[in-house]
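For reference, protein_34.txt (compact mmCIF, C-alpha atoms):
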```txt
# COMPACT_ATOMS: atom_id res chain seq x y z
CA MET G 1313 -7.95 -1.69 3.32
CA ALA G 1314 -4.75 -3.64 3.99
CA GLY G 1315 -5.50 -4.01 7.72
CA TRP G 1316 -9.07 -5.15 7.09
CA ARG G 1317 -7.87 -7.62 4.43
CA GLU G 1318 -5.28 -9.12 6.76
CA ALA G 1319 -7.76 -9.45 9.64
CA THR G 1320 -10.41 -11.04 7.41
CA ILE G 1321 -8.35 -13.17 5.04
CA GLY G 1322 -4.88 -13.56 6.54
CA GLY G 1323 -3.98 -16.90 8.13
CA ARG G 1324 -6.74 -18.90 6.42
CA ASP G 1325 -5.85 -22.30 4.95
CA ASP G 1326 -8.49 -22.08 2.20
CA LEU G 1327 -7.24 -18.79 0.72
CA ARG G 1328 -4.03 -17.42 -0.77
CA PRO G 1329 -4.07 -13.68 -0.02
CA VAL G 1330 -2.80 -11.24 -2.63
CA ARG G 1331 0.21 -9.40 -1.23
CA VAL G 1332 -0.71 -5.94 0.06
CA ALA G 1333 1.83 -4.38 -2.32
CA ASP G 1334 0.02 -6.07 -5.24
CA LEU G 1335 -3.52 -4.84 -4.50
CA HIS G 1336 -4.77 -2.80 -7.46
CA VAL G 1337 -7.75 -1.98 -9.68
CA THR G 1338 -7.31 -3.13 -13.29
CA LEU G 1339 -8.33 -0.56 -15.88
CA VAL G 1340 -7.22 -2.51 -18.96
CA PHE G 1341 -5.98 -6.11 -18.97
CA LEU G 1342 -3.55 -6.67 -21.83
CA GLY G 1343 -2.54 -10.31 -21.34
CA TRP G 1344 0.77 -11.49 -22.74
CA THR G 1345 2.47 -8.61 -24.50
CA ASP G 1346 5.70 -8.42 -26.46
CA PRO G 1347 8.14 -6.44 -24.27
CA ASP G 1348 9.06 -4.36 -27.33
CA ARG G 1349 5.53 -2.88 -27.28
CA VAL G 1350 5.60 -1.64 -23.68
CA ALA G 1351 6.77 1.89 -24.55
CA ALA G 1352 4.08 2.28 -27.22
CA ILE G 1353 1.43 0.94 -24.84
CA TRP G 1354 2.41 3.41 -22.14
CA GLU G 1355 2.56 6.29 -24.62
CA ALA G 1356 -0.94 5.53 -25.89
CA ALA G 1357 -2.49 4.92 -22.46
CA SER G 1358 -0.77 7.79 -20.64
CA GLY G 1359 -1.76 10.20 -23.41
CA THR G 1360 -5.27 10.06 -21.97
CA LEU G 1361 -4.09 11.26 -18.55
CA VAL G 1362 -4.45 14.97 -17.94
CA ASP G 1363 -2.29 16.59 -15.28
CA GLY G 1364 -4.52 18.06 -12.60
CA ALA G 1365 -7.53 15.91 -13.53
CA VAL G 1366 -9.66 14.86 -10.57
CA PRO G 1367 -8.76 11.25 -9.67
CA PRO G 1368 -11.45 8.57 -9.41
CA LEU G 1369 -13.22 8.29 -6.06
CA LEU G 1370 -13.86 4.64 -5.21
CA THR G 1371 -16.01 3.32 -2.37
CA PRO G 1372 -15.54 -0.27 -1.15
CA GLY G 1373 -18.73 -2.32 -1.18
CA GLY G 1374 -19.31 -6.01 -0.64
CA LEU G 1375 -17.28 -9.09 -1.42
CA ALA G 1376 -17.75 -10.91 -4.70
CA ALA G 1377 -17.05 -14.48 -5.77
CA VAL G 1378 -15.36 -14.62 -9.18
CA PRO G 1379 -16.54 -16.32 -11.27
CA LYS G 1380 -19.94 -16.78 -9.64
CA ARG G 1381 -20.45 -20.41 -10.63
CA ARG G 1382 -17.14 -21.87 -9.39
CA PRO G 1383 -15.38 -19.12 -7.50
CA ARG G 1384 -11.59 -18.90 -7.68
CA LEU G 1385 -11.18 -15.33 -6.45
CA VAL G 1386 -12.38 -13.21 -3.54
CA SER G 1387 -12.79 -9.64 -4.76
CA LEU G 1388 -13.87 -6.41 -3.12
CA GLU G 1389 -16.37 -4.57 -5.31
CA LEU G 1390 -15.87 -0.82 -5.66
CA SER G 1391 -18.45 1.84 -6.41
CA ASP G 1392 -17.15 4.38 -8.93
CA GLU G 1393 -18.45 7.66 -7.49
CA GLY G 1394 -19.02 10.08 -10.36
CA GLY G 1395 -17.96 7.56 -13.00
CA ARG G 1396 -14.39 8.90 -13.23
CA ALA G 1397 -12.76 5.44 -13.08
CA ALA G 1398 -15.01 4.20 -15.90
CA ALA G 1399 -14.21 7.30 -17.97
CA LEU G 1400 -10.47 6.79 -17.38
CA GLN G 1401 -10.76 3.11 -18.29
CA ARG G 1402 -12.72 3.88 -21.46
CA ALA G 1403 -10.23 6.56 -22.55
CA ALA G 1404 -7.23 4.27 -22.00
CA ALA G 1405 -8.86 1.28 -23.74
CA ASP G 1406 -9.99 3.42 -26.69
CA SER G 1407 -6.55 4.99 -27.06
CA LEU G 1408 -4.90 1.55 -27.05
CA ALA G 1409 -7.43 0.28 -29.61
CA VAL G 1410 -6.87 3.26 -31.95
CA ALA G 1411 -3.11 2.59 -31.75
CA GLY G 1412 -3.74 -1.07 -32.64
CA LEU G 1413 -2.31 -2.25 -29.32
CA HIS G 1414 -5.40 -3.75 -27.69
CA GLU G 1415 -8.81 -5.06 -28.61
CA PRO G 1416 -11.38 -3.73 -26.13
CA GLU G 1417 -13.21 -6.25 -23.98
CA ARG G 1418 -16.91 -6.74 -24.52
CA ARG G 1419 -17.59 -6.99 -20.80
CA PRO G 1420 -18.37 -3.73 -19.02
CA PHE G 1421 -15.76 -2.25 -16.72
CA TRP G 1422 -16.12 -3.67 -13.20
CA PRO G 1423 -14.01 -1.84 -10.62
CA HIS G 1424 -12.78 -4.26 -7.97
CA VAL G 1425 -9.71 -5.35 -6.04
CA THR G 1426 -8.78 -9.04 -5.96
CA LEU G 1427 -8.03 -9.84 -2.32
CA ALA G 1428 -7.33 -13.58 -2.42
CA ARG G 1429 -7.42 -16.71 -4.53
CA LEU G 1430 -9.16 -19.85 -3.34
CA ARG G 1431 -6.84 -22.81 -2.93
CA ARG G 1432 -7.54 -25.84 -5.10
CA GLY G 1433 -10.61 -27.70 -3.84
CA ALA G 1434 -11.66 -24.92 -1.45
CA ARG G 1435 -15.26 -23.72 -1.32
CA TRP G 1436 -16.42 -20.11 -1.12
CA PRO G 1437 -15.51 -19.13 2.44
CA PRO G 1438 -17.78 -17.38 4.92
CA LEU G 1439 -16.38 -13.87 5.20
CA GLU G 1440 -17.56 -10.53 6.53
CA ALA G 1441 -19.82 -9.28 3.73
CA SER G 1442 -19.04 -5.58 3.94
CA PRO G 1443 -15.80 -4.18 5.30
CA GLY G 1444 -17.31 -0.79 6.14
CA LEU G 1445 -14.34 1.01 4.62
CA GLY G 1446 -14.64 4.63 3.51
CA PRO G 1447 -14.10 6.02 0.01
CA PHE G 1448 -10.60 6.59 -1.34
CA GLU G 1449 -9.07 8.35 -4.33
CA ALA G 1450 -6.98 6.44 -6.83
CA ALA G 1451 -3.37 7.52 -6.29
CA ALA G 1452 -1.89 6.71 -9.70
CA VAL G 1453 -2.26 4.94 -13.01
CA THR G 1454 0.42 2.28 -13.31
CA LEU G 1455 1.44 -0.08 -16.10
CA TYR G 1456 2.30 -3.41 -14.47
CA ARG G 1457 4.04 -6.51 -15.67
CA SER G 1458 2.74 -9.71 -14.07
CA HIS G 1459 5.17 -12.38 -12.91
CA LEU G 1460 3.13 -15.57 -12.57
CA SER G 1461 4.13 -18.38 -10.22
CA PRO G 1462 2.45 -21.21 -8.28
CA SER G 1463 2.44 -18.98 -5.18
CA GLY G 1464 0.53 -16.23 -7.02
CA ALA G 1465 1.19 -13.28 -9.28
CA ARG G 1466 3.69 -10.58 -8.40
CA TYR G 1467 3.43 -7.19 -10.09
CA GLU G 1468 6.32 -5.06 -11.32
CA ALA G 1469 5.56 -1.39 -11.99
CA LEU G 1470 6.97 -0.42 -15.39
CA HIS G 1471 5.48 3.10 -15.65
CA ARG G 1472 3.50 5.24 -13.22
CA HIS G 1473 1.53 8.49 -13.52
CA PRO G 1474 0.52 9.99 -10.15
CA LEU G 1475 -2.98 11.45 -9.87
CA GLU G 1476 -3.41 14.65 -7.87
CA SER G 1477 -5.77 14.51 -4.93
CA ALA G 1478 -8.93 16.57 -5.21
CA ARG G 1479 -8.80 16.84 -1.42
CA GLY G 1480 -5.54 18.74 -1.44
CA GLY G 1481 -3.59 16.11 0.36
```

Written form, structure tokens:
Amino acid sequence: MAGWREATIGGRDDLRPVRVADLHVTLVFLGWTDPDRVAAIWEAASGTLVDGAVPPLLTPGGLAAVPKRRPRLVSLELSDEGGRAAALQRAAADSLAVAGLHEPERRPFWPHVTLARLRRGARWPPLEASPGLGPFEAAAVTLYRSHLSPSGARYEALHRHPLESARGG
């Protein structure tokens, strides 16, 4: 995915690419959170992870403008083969809600990867509609802290739970 993203989006004046190291699928967005609650958040969310569980299988689809009316982001939509990502998202969100650490969103889970942000005043760019990338398994569930800046967000991994490959590799 990183090579395709760089070939398609890299070097364009109208887009600010997300760093390859920062590409991810968001299961639960928490927003600003008191740092003192991070341990409780991870305990609640990671309690839903079962060692040896089959990781989600995600298949890249087409590009999406987000939001549709006045796009600010270029995202790659992902198909959740078997619904395992949605089940993982639901379990984590429900666990956080039961612990009083998060109010679930009303919007349905939409698996995607944000690839770039449109620069101020830029219009939706003509891009290759479908990257033709094959399916991949999610490697881990990670709790990130966002560091926001004018050049874009940077993500710091606070906790990580690896997911075992169903393909034995």

- Query: Using all atoms listed in the file, which of G:Trp1422, G:Trp1316, G:Tyr1456, G:Trp1354 sits nearest Ala1404 of chain G?
  - Reply: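 Counting all atoms listed in the file, the residue closest to Ala1404 of chain G is G:Trp1354.
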
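Proximity ranking of G:Asp1346, G:Glu1318, G:Asp1326, G:Asp1406 relative to Gly1359 of chain G places G:Asp1406 first, based on all atoms listed in the file.
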
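Distance annotation: of G:Gly1373, G:Gly1394, G:Pro1420, G:Pro1368, the residue with the minimal separation from Gly1444 of chain G is G:Gly1373; atom set is all atoms listed in the file.
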
- Message: Under the rule that all atoms listed in the file are counted, which of G:His1414, G:Ala1333, G:Leu1327, G:Leu1430 is the nearest residue to Ala1469 of chain G?
- Response: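 Among G:His1414, G:Ala1333, G:Leu1327, G:Leu1430, it is G:Ala1333 that comes nearest to Ala1469 of chain G.
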
- Which is closer to Ala1411 of chain G than all the others in G:Ala1428, G:Arg1349, G:Ala1376, G:Ser1463, using only C-alpha atoms?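 For Ala1411 of chain G, the nearest of the candidates is G:Arg1349.
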
- Task: Quick one: everything within 12 Å of Arg1382 of chain G, counting all atoms listed in the file, minus sequence neighbours fewer than 4 positions away in the same chain. Send it as number ranges by chain.
- Result: G: 1376-1378, 1386, 1430, 1432-1436

- Task: Quick one: everything within 9 Å of Leu1439 of chain G, counting all atoms listed in the file, minus sequence neighbours fewer than 4 positions away in the same chain. Send it as a list in words.
- Result: Thr1320, Ile1321 and Leu1375 of chain G

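Relative to atom CA of Thr1454 of chain G, atom CA of Val1410 of chain G is found at 20.0 Å.
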
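Of the residues listed (G:Glu1393, G:Glu1468, G:Asp1325, G:Asp1348), G:Glu1393 shows the shortest atom-to-atom separation from Glu1449 of chain G; distances use only C-alpha atoms.
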
- Residues near Thr1338 of chain G, cut-off 9 Å, only C-alpha atoms, skip fewer than 6 positions along chain, as an NGL selection string: :G and (1401 or 1422-1425)

- re atom CA of Glu1389 of chain G and atom CA of Thr1371 of chain G: distance 8.4 Å

Only N, CA and C atoms needed: put segment 1401-1443 of chain G from the block into a file as a compact mmCIF listing (two decimals), in the first residue's frame.
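See selection25.txt below for the written result:
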```
# COMPACT_ATOMS: atom_id res chain seq x y z
N GLN G 1401 -14.22 -3.77 16.45
CA GLN G 1401 -14.55 -2.38 16.74
C GLN G 1401 -15.71 -2.30 17.73
N ARG G 1402 -16.75 -3.08 17.49
CA ARG G 1402 -17.93 -3.08 18.36
C ARG G 1402 -17.56 -3.52 19.78
N ALA G 1403 -16.76 -4.57 19.88
CA ALA G 1403 -16.36 -5.08 21.19
C ALA G 1403 -15.55 -4.04 21.96
N ALA G 1404 -14.61 -3.39 21.28
CA ALA G 1404 -13.79 -2.37 21.95
C ALA G 1404 -14.63 -1.18 22.36
N ALA G 1405 -15.50 -0.69 21.47
CA ALA G 1405 -16.35 0.46 21.79
C ALA G 1405 -17.31 0.14 22.92
N ASP G 1406 -17.90 -1.05 22.90
CA ASP G 1406 -18.82 -1.44 23.97
C ASP G 1406 -18.11 -1.56 25.31
N SER G 1407 -16.91 -2.14 25.30
CA SER G 1407 -16.14 -2.28 26.53
C SER G 1407 -15.77 -0.92 27.11
N LEU G 1408 -15.39 0.01 26.25
CA LEU G 1408 -15.06 1.37 26.71
C LEU G 1408 -16.30 2.07 27.25
N ALA G 1409 -17.45 1.85 26.62
CA ALA G 1409 -18.70 2.47 27.07
C ALA G 1409 -19.11 1.92 28.43
N VAL G 1410 -19.03 0.61 28.61
CA VAL G 1410 -19.39 -0.02 29.89
C VAL G 1410 -18.49 0.51 31.01
N ALA G 1411 -17.23 0.77 30.70
CA ALA G 1411 -16.29 1.30 31.70
C ALA G 1411 -16.46 2.80 31.90
N GLY G 1412 -17.37 3.43 31.15
CA GLY G 1412 -17.59 4.87 31.27
C GLY G 1412 -16.48 5.71 30.69
N LEU G 1413 -15.75 5.16 29.73
CA LEU G 1413 -14.59 5.85 29.16
C LEU G 1413 -14.83 6.41 27.77
N HIS G 1414 -15.98 6.10 27.19
CA HIS G 1414 -16.24 6.52 25.81
C HIS G 1414 -17.73 6.40 25.52
N GLU G 1415 -18.25 7.37 24.81
CA GLU G 1415 -19.63 7.28 24.36
C GLU G 1415 -19.61 6.85 22.90
N PRO G 1416 -20.22 5.70 22.59
CA PRO G 1416 -20.16 5.19 21.22
C PRO G 1416 -20.71 6.18 20.20
N GLU G 1417 -20.09 6.17 19.02
CA GLU G 1417 -20.57 7.02 17.93
C GLU G 1417 -21.85 6.45 17.36
N ARG G 1418 -22.67 7.33 16.82
CA ARG G 1418 -23.91 6.89 16.19
C ARG G 1418 -23.68 6.42 14.76
N ARG G 1419 -22.61 6.92 14.16
CA ARG G 1419 -22.30 6.52 12.78
C ARG G 1419 -21.81 5.07 12.77
N PRO G 1420 -22.15 4.34 11.71
CA PRO G 1420 -21.64 2.96 11.62
C PRO G 1420 -20.13 2.97 11.37
N PHE G 1421 -19.50 1.89 11.77
CA PHE G 1421 -18.07 1.71 11.55
C PHE G 1421 -17.80 1.70 10.05
N TRP G 1422 -16.80 2.47 9.63
CA TRP G 1422 -16.42 2.57 8.23
C TRP G 1422 -14.91 2.32 8.13
N PRO G 1423 -14.50 1.10 7.82
CA PRO G 1423 -13.06 0.84 7.73
C PRO G 1423 -12.44 1.55 6.53
N HIS G 1424 -11.40 2.32 6.82
CA HIS G 1424 -10.70 3.07 5.78
C HIS G 1424 -9.34 3.50 6.30
N VAL G 1425 -8.49 3.90 5.39
CA VAL G 1425 -7.18 4.46 5.73
C VAL G 1425 -7.11 5.85 5.11
N THR G 1426 -6.84 6.87 5.93
CA THR G 1426 -6.66 8.21 5.39
C THR G 1426 -5.27 8.28 4.76
N LEU G 1427 -5.24 8.62 3.48
CA LEU G 1427 -3.98 8.66 2.73
C LEU G 1427 -3.38 10.05 2.64
N ALA G 1428 -4.25 11.07 2.57
CA ALA G 1428 -3.76 12.45 2.40
C ALA G 1428 -4.83 13.43 2.82
N ARG G 1429 -4.39 14.64 3.10
CA ARG G 1429 -5.30 15.76 3.37
C ARG G 1429 -5.17 16.75 2.22
N LEU G 1430 -6.30 17.32 1.82
CA LEU G 1430 -6.25 18.33 0.77
C LEU G 1430 -5.72 19.62 1.38
N ARG G 1431 -4.85 20.29 0.65
CA ARG G 1431 -4.36 21.59 1.11
C ARG G 1431 -5.48 22.61 1.01
N ARG G 1432 -5.39 23.65 1.79
CA ARG G 1432 -6.42 24.70 1.81
C ARG G 1432 -6.66 25.22 0.39
N GLY G 1433 -7.93 25.26 -0.01
CA GLY G 1433 -8.30 25.77 -1.32
C GLY G 1433 -8.21 24.75 -2.45
N ALA G 1434 -7.67 23.57 -2.17
CA ALA G 1434 -7.54 22.55 -3.23
C ALA G 1434 -8.89 21.88 -3.49
N ARG G 1435 -9.07 21.45 -4.71
CA ARG G 1435 -10.28 20.71 -5.09
C ARG G 1435 -9.95 19.21 -5.11
N TRP G 1436 -11.02 18.39 -5.09
CA TRP G 1436 -10.83 16.95 -5.13
C TRP G 1436 -9.99 16.60 -6.35
N PRO G 1437 -8.86 15.96 -6.15
CA PRO G 1437 -7.94 15.70 -7.26
C PRO G 1437 -8.32 14.46 -8.07
N PRO G 1438 -8.00 14.48 -9.36
CA PRO G 1438 -8.19 13.25 -10.14
C PRO G 1438 -7.12 12.24 -9.74
N LEU G 1439 -7.55 11.10 -9.26
CA LEU G 1439 -6.63 10.05 -8.83
C LEU G 1439 -7.10 8.72 -9.38
N GLU G 1440 -6.19 7.77 -9.44
CA GLU G 1440 -6.55 6.41 -9.84
C GLU G 1440 -7.63 5.91 -8.88
N ALA G 1441 -8.76 5.49 -9.42
CA ALA G 1441 -9.92 5.14 -8.60
C ALA G 1441 -9.72 3.89 -7.76
N SER G 1442 -9.06 2.90 -8.27
CA SER G 1442 -8.89 1.66 -7.54
C SER G 1442 -7.43 1.22 -7.63
N PRO G 1443 -6.79 1.06 -6.48
CA PRO G 1443 -5.37 0.72 -6.51
C PRO G 1443 -5.08 -0.72 -6.94
```
